[in-house]
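Student: Below is the file protein27.cif, which contains mmCIF, C-alpha atoms and all ligand atoms.
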```
data_my_file
#
loop_
_atom_site.label_atom_id
_atom_site.label_comp_id
_atom_site.auth_asym_id
_atom_site.auth_seq_id
_atom_site.Cartn_x
_atom_site.Cartn_y
_atom_site.Cartn_z
CA MET K 1 15.24 -15.62 -19.93
CA LYS K 2 11.93 -16.81 -18.59
CA ILE K 3 10.60 -17.11 -15.07
CA ASN K 4 8.97 -20.40 -14.03
CA LYS K 5 5.23 -19.69 -14.09
CA ASP K 6 4.16 -22.99 -12.47
CA ARG K 7 6.56 -22.55 -9.57
CA LEU K 8 5.39 -18.95 -9.08
CA LEU K 9 1.72 -19.99 -8.98
CA ASP K 10 2.38 -23.02 -6.79
CA ARG K 11 4.19 -20.98 -4.15
CA LEU K 12 1.62 -18.21 -4.27
CA PHE K 13 -1.15 -20.71 -3.55
CA GLN K 14 0.87 -22.46 -0.84
CA ILE K 15 1.18 -19.17 1.03
CA GLY K 16 -2.51 -18.44 0.31
CA GLU K 17 -3.49 -21.67 2.05
CA ILE K 18 -1.94 -20.48 5.32
CA CYS K 19 -4.90 -19.05 7.27
CA GLU K 20 -7.24 -19.43 4.32
CA THR K 21 -10.74 -18.06 4.97
CA ASN K 22 -14.02 -19.87 4.20
CA ASN K 23 -14.59 -17.68 1.15
CA GLY K 24 -11.19 -18.38 -0.40
CA GLY K 25 -9.26 -15.39 0.91
CA SER K 26 -6.62 -15.10 3.64
CA ASN K 27 -6.62 -13.77 7.20
CA ARG K 28 -2.94 -13.44 8.07
CA GLN K 29 -2.55 -10.32 10.15
CA ALA K 30 0.84 -9.02 11.26
CA PHE K 31 2.82 -11.30 13.63
CA THR K 32 -0.02 -13.79 14.09
CA PRO K 33 1.00 -17.48 13.89
CA GLY K 34 -0.10 -17.53 10.23
CA ASP K 35 2.07 -14.55 9.34
CA VAL K 36 5.03 -16.22 11.04
CA GLN K 37 4.31 -19.50 9.21
CA ALA K 38 4.24 -17.68 5.86
CA ARG K 39 7.58 -16.03 6.68
CA GLU K 40 9.14 -19.34 7.74
CA THR K 41 7.90 -21.01 4.54
CA LEU K 42 9.50 -18.25 2.48
CA VAL K 43 12.77 -18.39 4.44
CA ALA K 44 12.94 -22.17 3.89
CA TRP K 45 12.48 -21.79 0.12
CA ALA K 46 15.09 -19.00 0.03
CA ALA K 47 17.57 -21.00 2.12
CA LYS K 48 17.72 -23.63 -0.64
CA LEU K 49 19.10 -20.87 -2.88
CA GLY K 50 21.59 -19.73 -0.26
CA GLY K 51 19.45 -16.83 0.96
CA VAL K 52 20.38 -15.62 4.45
CA ALA K 53 17.48 -14.24 6.47
CA GLU K 54 17.50 -11.62 9.20
CA CYS K 55 14.86 -9.44 10.86
CA ASP K 56 15.34 -5.86 11.94
CA SER K 57 14.04 -4.18 15.09
CA MET K 58 10.61 -3.57 13.48
CA GLY K 59 10.29 -7.17 12.28
CA ASN K 60 11.03 -6.32 8.65
CA LEU K 61 12.46 -9.50 7.11
CA PHE K 62 15.42 -9.27 4.72
CA ILE K 63 16.81 -12.26 2.83
CA HIS K 64 20.26 -11.55 1.41
CA PHE K 65 21.49 -13.28 -1.73
CA ASN K 66 25.24 -12.74 -2.13
CA ARG K 67 26.70 -15.50 -4.25
CA ARG K 68 29.99 -13.72 -4.68
CA GLU K 69 31.97 -11.01 -2.95
CA THR K 70 31.14 -7.59 -4.35
CA ALA K 71 31.12 -4.00 -3.20
CA ALA K 72 28.24 -3.20 -5.57
CA LEU K 73 25.03 -1.96 -3.93
CA PRO K 74 22.19 -4.48 -3.69
CA ILE K 75 18.88 -4.22 -5.53
CA LEU K 76 15.95 -4.80 -3.19
CA VAL K 77 12.73 -6.51 -4.30
CA GLY K 78 9.78 -7.25 -2.08
CA SER K 79 6.40 -6.42 -0.63
CA HIS K 80 4.42 -7.82 2.32
CA LEU K 81 2.92 -11.12 3.53
CA ASP K 82 0.38 -9.79 6.05
CA THR K 83 -3.24 -9.42 4.96
CA GLN K 84 -6.50 -7.75 5.91
CA PRO K 85 -8.86 -9.82 8.13
CA THR K 86 -10.85 -10.76 5.02
CA GLY K 87 -8.00 -10.20 2.59
CA GLY K 88 -7.12 -11.74 -0.74
CA LYS K 89 -4.35 -14.11 -1.81
CA TYR K 90 -2.50 -11.65 -4.04
CA ASP K 91 -2.14 -8.28 -2.28
CA GLY K 92 1.49 -8.15 -1.14
CA VAL K 93 2.11 -11.89 -1.29
CA TYR K 94 2.47 -11.71 -5.04
CA GLY K 95 5.29 -9.14 -4.80
CA VAL K 96 7.24 -11.29 -2.35
CA ILE K 97 6.78 -14.58 -4.22
CA ALA K 98 7.51 -12.93 -7.59
CA GLY K 99 10.72 -11.55 -6.06
CA LEU K 100 11.80 -15.02 -4.97
CA GLU K 101 10.88 -16.48 -8.36
CA VAL K 102 12.97 -13.87 -10.16
CA ILE K 103 15.97 -14.59 -7.93
CA GLU K 104 15.64 -18.34 -8.49
CA SER K 105 15.34 -17.83 -12.26
CA ILE K 106 18.45 -15.65 -12.28
CA TYR K 107 20.40 -18.41 -10.51
CA GLU K 108 19.01 -21.24 -12.64
CA GLN K 109 19.80 -19.47 -15.87
CA ASN K 110 23.24 -18.35 -14.71
CA ILE K 111 22.51 -14.71 -15.29
CA VAL K 112 25.45 -12.85 -13.74
CA LEU K 113 24.43 -9.55 -12.20
CA GLU K 114 26.77 -6.81 -11.05
CA HIS K 115 24.53 -6.23 -8.04
CA PRO K 116 23.49 -8.60 -5.26
CA LEU K 117 19.78 -8.99 -4.49
CA VAL K 118 17.80 -8.59 -1.28
CA LEU K 119 14.27 -9.94 -0.86
CA ALA K 120 12.27 -7.87 1.64
CA VAL K 121 9.07 -8.62 3.56
CA TRP K 122 7.82 -5.38 5.12
CA ALA K 123 6.16 -5.70 8.52
CA ASN K 124 2.54 -4.71 9.21
CA GLU K 125 1.90 -3.20 5.79
CA GLU K 126 -1.87 -3.53 6.06
CA GLY K 127 -2.31 -1.71 9.35
CA ALA K 128 -5.18 -4.10 10.10
CA ARG K 129 -3.85 -5.31 13.46
CA PHE K 130 -1.64 -2.34 14.40
CA ARG K 131 -2.21 1.22 13.19
CA PRO K 132 -0.90 2.95 11.15
CA ALA K 133 -0.36 0.99 7.94
CA MET K 134 3.09 0.53 6.32
CA MET K 135 4.68 0.67 9.73
CA GLY K 136 7.80 -1.42 8.99
CA SER K 137 8.81 0.52 5.89
CA GLY K 138 7.85 3.81 7.58
CA VAL K 139 10.34 3.30 10.42
CA PHE K 140 12.95 1.84 8.02
CA SER K 141 12.70 5.05 5.97
CA GLY K 142 12.95 7.29 9.04
CA LYS K 143 9.43 8.68 8.56
CA LEU K 144 7.82 6.99 11.57
CA SER K 145 9.20 6.75 15.13
CA GLN K 146 10.04 3.24 16.29
CA THR K 147 9.43 4.24 19.92
CA GLU K 148 5.91 5.42 19.05
CA MET K 149 5.15 2.46 16.80
CA TYR K 150 6.19 0.00 19.52
CA GLN K 151 3.31 1.38 21.64
CA SER K 152 0.64 0.77 18.99
CA GLN K 153 -1.90 -1.75 20.33
CA ASP K 154 -4.11 -4.33 18.70
CA GLN K 155 -7.75 -4.79 19.75
CA GLN K 156 -6.71 -7.14 22.57
CA GLY K 157 -4.38 -4.50 24.01
CA MET K 158 -1.16 -6.23 22.92
CA THR K 159 1.52 -3.76 21.84
CA TYR K 160 3.49 -4.00 18.61
CA TYR K 161 6.64 -4.59 20.63
CA GLU K 162 5.05 -7.44 22.61
CA ALA K 163 3.81 -9.02 19.37
CA LEU K 164 7.30 -8.68 17.85
CA VAL K 165 8.90 -10.48 20.78
CA ASP K 166 6.08 -13.02 21.14
CA SER K 167 6.26 -14.01 17.45
CA GLY K 168 10.06 -14.26 17.40
CA GLN K 169 10.32 -11.61 14.69
CA LEU K 170 12.33 -9.04 16.68
CA GLY K 171 15.75 -8.81 15.06
CA ALA K 172 19.03 -7.27 16.21
CA ARG K 173 19.52 -5.13 13.11
CA PRO K 174 18.28 -1.55 13.66
CA ALA K 175 15.29 -0.67 11.46
CA GLN K 176 16.91 1.95 9.28
CA VAL K 177 17.79 2.33 5.63
CA PHE K 178 21.01 0.70 4.41
CA PRO K 179 22.82 1.38 1.13
CA LEU K 180 20.81 0.06 -1.83
CA LEU K 181 20.93 0.70 -5.56
CA ALA K 182 17.17 0.54 -6.02
CA ALA K 183 13.93 -0.90 -4.62
CA LEU K 184 11.31 -2.57 -6.82
CA GLU K 185 7.83 -3.80 -5.93
CA VAL K 186 5.42 -5.68 -8.16
CA HIS K 187 1.80 -5.60 -6.98
CA ILE K 188 -1.78 -6.07 -8.15
CA GLU K 189 -3.26 -2.72 -9.14
CA GLN K 190 -6.12 -2.85 -6.57
CA GLY K 191 -8.07 -0.62 -8.96
CA PRO K 192 -10.03 -1.23 -12.18
CA ILE K 193 -7.96 0.56 -14.85
CA LEU K 194 -5.71 -2.24 -16.16
CA ASP K 195 -8.50 -4.83 -15.98
CA ALA K 196 -10.93 -2.57 -17.86
CA THR K 197 -8.40 -1.83 -20.63
CA SER K 198 -6.94 -5.38 -20.83
CA ILE K 199 -3.40 -4.05 -20.47
CA PRO K 200 -1.16 -6.48 -18.56
CA ILE K 201 1.40 -4.04 -17.11
CA GLY K 202 1.14 -0.70 -15.35
CA VAL K 203 4.39 1.24 -15.07
CA VAL K 204 3.80 3.12 -11.83
CA THR K 205 5.27 6.63 -11.82
CA GLY K 206 4.18 7.61 -8.33
CA ILE K 207 1.57 7.56 -5.61
CA GLN K 208 -1.28 10.00 -5.07
CA GLY K 209 -1.02 12.52 -2.26
CA ILE K 210 -3.65 12.16 0.46
CA HIS K 211 -5.23 14.43 3.06
CA TRP K 212 -7.60 13.21 5.77
CA PHE K 213 -10.03 15.45 7.65
CA GLU K 214 -12.60 14.84 10.34
CA VAL K 215 -15.54 17.27 10.11
CA THR K 216 -18.07 17.86 12.86
CA VAL K 217 -21.29 19.74 12.02
CA LYS K 218 -23.15 20.94 15.12
CA GLY K 219 -26.81 21.86 15.26
CA GLU K 220 -29.33 21.39 18.04
CA THR K 221 -31.12 18.30 19.26
CA THR K 222 -34.89 18.46 19.15
CA HIS K 223 -37.86 16.10 19.29
CA ALA K 224 -38.89 14.97 15.82
CA GLY K 225 -42.48 16.17 16.23
CA PRO K 226 -43.05 19.56 17.84
CA THR K 227 -40.45 21.85 16.23
CA PRO K 228 -41.41 23.26 12.79
CA MET K 229 -38.80 22.75 10.07
CA SER K 230 -38.14 26.49 9.80
CA MET K 231 -37.22 26.72 13.50
CA ARG K 232 -34.67 23.89 13.61
CA LYS K 233 -30.89 24.00 13.72
CA ASP K 234 -30.66 20.97 11.49
CA ALA K 235 -27.11 19.56 11.28
CA VAL K 236 -28.27 16.83 8.88
CA ARG K 237 -29.61 19.29 6.33
CA SER K 238 -26.38 21.32 6.54
CA THR K 239 -24.21 18.22 6.23
CA THR K 240 -26.00 17.00 3.11
CA GLN K 241 -25.55 20.43 1.50
CA ILE K 242 -21.87 20.60 2.46
CA ILE K 243 -21.17 17.11 1.12
CA GLN K 244 -22.97 18.00 -2.12
CA GLN K 245 -20.68 21.04 -2.47
CA LEU K 246 -17.58 18.92 -1.85
CA TYR K 247 -18.61 16.53 -4.63
CA GLN K 248 -19.20 19.46 -6.99
CA LEU K 249 -15.75 20.80 -6.19
CA VAL K 250 -14.06 17.49 -6.97
CA ASP K 251 -16.22 16.76 -10.05
CA ALA K 252 -15.10 20.11 -11.51
CA GLU K 253 -11.43 19.03 -11.15
CA ASP K 254 -9.75 16.60 -13.59
CA ASP K 255 -10.58 12.90 -13.33
CA GLN K 256 -7.51 12.19 -11.20
CA ALA K 257 -9.09 13.85 -8.16
CA ARG K 258 -10.70 11.46 -5.63
CA LEU K 259 -13.06 12.30 -2.78
CA THR K 260 -14.26 9.65 -0.32
CA ILE K 261 -16.60 10.21 2.61
CA GLY K 262 -15.98 6.86 4.27
CA GLN K 263 -17.44 7.53 7.72
CA LEU K 264 -20.63 9.42 8.49
CA ARG K 265 -22.32 9.25 11.88
CA ALA K 266 -25.18 11.07 13.56
CA TYR K 267 -25.23 11.68 17.34
CA PRO K 268 -27.00 10.55 19.43
CA GLY K 269 -28.43 8.47 16.56
CA SER K 270 -32.10 8.01 17.42
CA VAL K 271 -34.96 7.74 14.92
CA ASN K 272 -37.17 10.38 16.52
CA THR K 273 -34.49 12.88 17.58
CA LEU K 274 -32.83 15.47 15.38
CA PRO K 275 -29.09 14.86 15.91
CA SER K 276 -27.09 17.37 17.91
CA HIS K 277 -24.17 16.85 15.54
CA LEU K 278 -22.85 14.80 12.65
CA ARG K 279 -19.29 13.70 12.12
CA PHE K 280 -17.85 12.62 8.80
CA SER K 281 -14.45 11.82 7.34
CA VAL K 282 -12.97 13.33 4.19
CA ASP K 283 -10.29 11.49 2.21
CA ILE K 284 -9.07 13.66 -0.67
CA ARG K 285 -6.42 12.51 -3.20
CA HIS K 286 -4.63 13.81 -6.26
CA PRO K 287 -1.29 12.87 -7.91
CA ASP K 288 -0.29 16.56 -8.28
CA GLU K 289 0.62 18.28 -4.99
CA ASP K 290 -0.45 21.77 -6.21
CA LYS K 291 -3.82 20.55 -7.40
CA LEU K 292 -4.25 18.58 -4.20
CA GLN K 293 -3.56 21.75 -2.21
CA GLN K 294 -6.11 23.67 -4.32
CA LEU K 295 -8.69 21.01 -3.55
CA VAL K 296 -7.86 21.15 0.15
CA ASP K 297 -8.16 24.97 0.11
CA GLY K 298 -11.50 24.63 -1.67
CA ILE K 299 -12.79 22.10 0.83
CA GLN K 300 -11.72 24.21 3.79
CA ALA K 301 -13.44 27.26 2.26
CA LYS K 302 -16.70 25.30 1.92
CA LEU K 303 -16.41 24.26 5.55
CA GLN K 304 -15.94 27.79 6.86
CA SER K 305 -19.31 29.25 5.92
CA PRO K 306 -22.03 27.43 7.80
CA GLU K 307 -25.65 28.50 7.89
CA PRO K 308 -26.91 30.51 10.89
CA GLY K 309 -27.21 28.34 13.99
CA ILE K 310 -24.79 25.70 12.69
CA GLU K 311 -21.17 25.30 13.78
CA ILE K 312 -18.48 23.41 11.91
CA ALA K 313 -15.22 22.10 13.37
CA VAL K 314 -12.54 20.73 11.03
CA ASN K 315 -9.72 18.52 12.24
CA HIS K 316 -6.87 17.82 9.82
CA LEU K 317 -5.78 14.25 10.63
CA TRP K 318 -3.13 13.19 8.16
CA HIS K 319 -1.22 14.13 5.01
CA SER K 320 0.71 11.72 2.84
CA PRO K 321 2.60 13.73 0.21
CA VAL K 322 2.57 13.01 -3.51
CA ILE K 323 5.31 10.47 -4.24
CA LYS K 324 7.24 10.57 -7.52
CA PHE K 325 9.15 7.40 -8.29
CA ASN K 326 12.72 7.42 -9.62
CA ASP K 327 12.98 8.24 -13.35
CA LYS K 328 15.71 5.69 -14.08
CA CYS K 329 13.78 2.93 -12.32
CA ILE K 330 10.67 3.88 -14.32
CA GLN K 331 12.69 3.84 -17.55
CA ALA K 332 14.15 0.43 -16.67
CA ILE K 333 10.61 -0.94 -16.22
CA GLN K 334 9.43 0.63 -19.49
CA LYS K 335 12.37 -0.85 -21.34
CA ALA K 336 11.60 -4.22 -19.74
CA THR K 337 8.00 -4.16 -21.02
CA GLU K 338 9.34 -3.52 -24.54
CA ILE K 339 11.87 -6.35 -24.31
CA CYS K 340 9.15 -8.67 -22.95
CA GLU K 341 6.77 -7.43 -25.69
CA LEU K 342 4.05 -6.68 -23.16
CA PRO K 343 1.65 -3.75 -23.61
CA SER K 344 1.85 -1.22 -20.79
CA ILE K 345 0.59 2.15 -19.63
CA THR K 346 2.05 4.56 -17.12
CA MET K 347 -0.15 5.15 -14.09
CA VAL K 348 -0.24 6.58 -10.59
CA SER K 349 -1.10 4.36 -7.65
CA GLY K 350 -4.30 5.19 -5.84
CA ALA K 351 -3.43 2.95 -2.91
CA GLY K 352 -0.61 3.40 -0.40
CA HIS K 353 2.35 1.00 -0.54
CA ASP K 354 5.62 0.40 1.29
CA SER K 355 7.25 1.85 -1.84
CA ALA K 356 5.80 5.26 -0.91
CA TYR K 357 8.11 5.33 2.12
CA LEU K 358 11.04 3.66 0.35
CA ALA K 359 10.90 6.19 -2.51
CA GLN K 360 11.81 8.92 -0.03
CA VAL K 361 15.19 7.30 0.74
CA ILE K 362 15.99 4.86 -2.13
CA PRO K 363 15.52 5.04 -5.94
CA THR K 364 12.19 3.19 -6.19
CA ALA K 365 9.46 2.23 -8.65
CA MET K 366 6.54 -0.21 -8.91
CA ILE K 367 5.05 -2.56 -11.48
CA PHE K 368 1.29 -3.18 -11.48
CA ILE K 369 -0.65 -6.07 -12.96
CA PRO K 370 -4.46 -6.19 -13.37
CA CYS K 371 -6.74 -7.71 -10.76
CA HIS K 372 -10.28 -8.78 -11.63
CA LEU K 373 -12.62 -5.74 -11.61
CA GLY K 374 -10.09 -3.95 -9.41
CA ILE K 375 -11.39 -5.87 -6.37
CA SER K 376 -8.88 -5.97 -3.49
CA HIS K 377 -8.86 -6.11 0.33
CA ASN K 378 -11.51 -8.72 -0.36
CA GLU K 379 -11.56 -12.52 -0.32
CA ALA K 380 -12.73 -12.40 -3.95
CA GLU K 381 -9.45 -10.77 -5.06
CA TYR K 382 -8.20 -12.49 -8.23
CA ALA K 383 -5.37 -12.06 -10.73
CA HIS K 384 -5.02 -14.08 -13.94
CA PRO K 385 -2.05 -16.50 -14.06
CA ASP K 386 -0.84 -14.95 -17.34
CA HIS K 387 -0.71 -11.54 -15.69
CA LEU K 388 1.06 -12.94 -12.62
CA GLU K 389 3.64 -14.40 -15.00
CA ALA K 390 3.91 -11.13 -16.97
CA GLY K 391 4.58 -9.04 -13.85
CA ALA K 392 7.33 -11.36 -12.64
CA GLN K 393 8.84 -11.45 -16.12
CA VAL K 394 8.96 -7.64 -16.24
CA LEU K 395 10.48 -7.59 -12.74
CA LEU K 396 13.24 -9.95 -13.87
CA GLN K 397 14.01 -7.88 -16.96
CA THR K 398 13.91 -4.62 -14.95
CA ILE K 399 16.54 -5.98 -12.54
CA ILE K 400 18.74 -6.92 -15.49
CA ASN K 401 18.24 -3.46 -17.06
CA LEU K 402 19.03 -1.66 -13.81
CA SER K 403 22.05 -3.79 -13.13
CA THR K 404 23.43 -2.97 -16.59
CA ALA K 405 22.59 0.75 -16.51
CA ALA K 406 24.03 1.17 -13.04
CA ASN K 407 27.46 0.11 -14.25
CA LYS K 408 27.75 3.23 -16.30
CA ASP K 409 25.74 5.72 -14.39
CA SER K 410 24.53 5.70 -10.82
CA LEU K 411 20.80 6.17 -10.18
ZN ZN Q 1 -0.30 -4.53 -0.64
#
```
Step by step, read the file and then write its structure as structure tokens.
Ligand SMILES: [Zn+2]
Tutor:
Amino acid sequence: MKINKDRLLDRLFQIGEICETNNGGSNRQAFTPGDVQARETLVAWAAKLGGVAECDSMGNLFIHFNRRETAALPILVGSHLDTQPTGGKYDGVYGVIAGLEVIESIYEQNIVLEHPLVLAVWANEEGARFRPAMMGSGVFSGKLSQTEMYQSQDQQGMTYYEALVDSGQLGARPAQVFPLLAALEVHIEQGPILDATSIPIGVVTGIQGIHWFEVTVKGETTHAGPTPMSMRKDAVRSTTQIIQQLYQLVDAEDDQARLTIGQLRAYPGSVNTLPSHLRFSVDIRHPDEDKLQQLVDGIQAKLQSPEPGIEIAVNHLWHSPVIKFNDKCIQAIQKATEICELPSITMVSGAGHDSAYLAQVIPTAMIFIPCHLGISHNEAEYAHPDHLEAGAQVLLQTIINLSTAANKDSL
């Protein structure tokens, strides 16, 4: 039972050519004409296999493959087709095209499954045009409010709802979970671990928990010349010390802890004026919820003891809990890697995915393949054809394993 590698690659590159950027990436943001064209291309390919497409009220696209009448629950495979403004050709697209390839291979080779298959394209996964990210799967899973998400605006002031209607992607089906046996997503790792170790398959056991903070450090504005150093309320000096302490805290934790200060701004931001205040973001991640909480407690403690004359305000912006994928789905993937004779490691995803939301309502797991140097959200994103083939092959075998196991024992 082999997938068709050439067909997989050919379709992947055909989608990649829709809104291709000058540097070989893609710019296909949610519900733009390019996104719609990619969806229509997919629907046309699927229709030749008898796939029936429908959108839900968030613009999530589902293609149903029911060759015979059955009461068995479907297995869902899929990912997303939207990209970052300077995105790559693999992030998301690969999971959708691999899903279609697996379904076509199953039909061609007359593999009879107990369970029907659904191919899903989740809407606005990237969050590049409309915030937040993973909006379609978030509403589908009941974790985000459709009413609120409809109001989200792009930079031109167009709302999500207007874009849905305008692009023809608003469907009659309510965006909410329906009965499914399992959800599977194959994706490039978007990190360097598989590439560095030359292992073709990552069996993903979960997704790191995340906390976001916005920290404001207030001092006092002064002219750069007259005030002696000892008489200043220097928010910059305090901020550098605080950030140093945050790094020390995270470095002392195990190597699964991640700290990112992605935004750092001084106000008013003039060369010869000591800033009145600095504002920086804190993104802290760990795959263990207890350890993540310890790190958060540690960070908050460091932020509560400013020097004299300095004030610190901390705003907690967001928490995405640690996600543990379904054990039986993970086992089915592991068994698939053995059957396919492909080396694998278990790993936790550092990036967010639609599967993080799905896992909260459906038995879910993910398969990772390497991407060159871990580069992603970048036009230079690249995955080796052999690895693209390997991931799809493992997806196919996982579906077969799940379909067999589910006969005896529900997930
Ligand atoms: Zn993605």
Student: Report, in Å with one decimal, the straight-line distance from CA of Ile201 (chain K) to CA of Ala98 (chain K).
Tutor: 14.4 Å
Student: Near His187 (chain K), counting all atoms listed in the file, which residues have an atom at most 7 Å away, once you skip same-chain residues fewer than 5 positions from it, shown as a list in words?
Tutor: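 Result of the neighbour search: Asp91, Gly92, Tyr94, Gly95, Ile367, Phe368 and Ile369 of chain K.
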Student: Could you list, as a PyMOL selection string, all the residues within 9 Å of ligand ZN 1 (chain Q), counting all atoms listed in the file?
Tutor: chain K and resi 79-83+90-95+125-126+187-188+190+351-354+377
Student: Pick out the closest residue to His115 (chain K) from this set: K:Gln208, K:Ile97, K:Glu69, K:Gly78. Count all atoms listed in the file.
Tutor: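 Nearest to His115 (chain K): K:Glu69.
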Student: Just the residues within 10 Å of Glu341 (chain K), please, counting all atoms listed in the file, with nothing from its chain fewer than 6 positions along; format it as a PyMOL selection string.
Tutor: chain K and resi 335+390+394
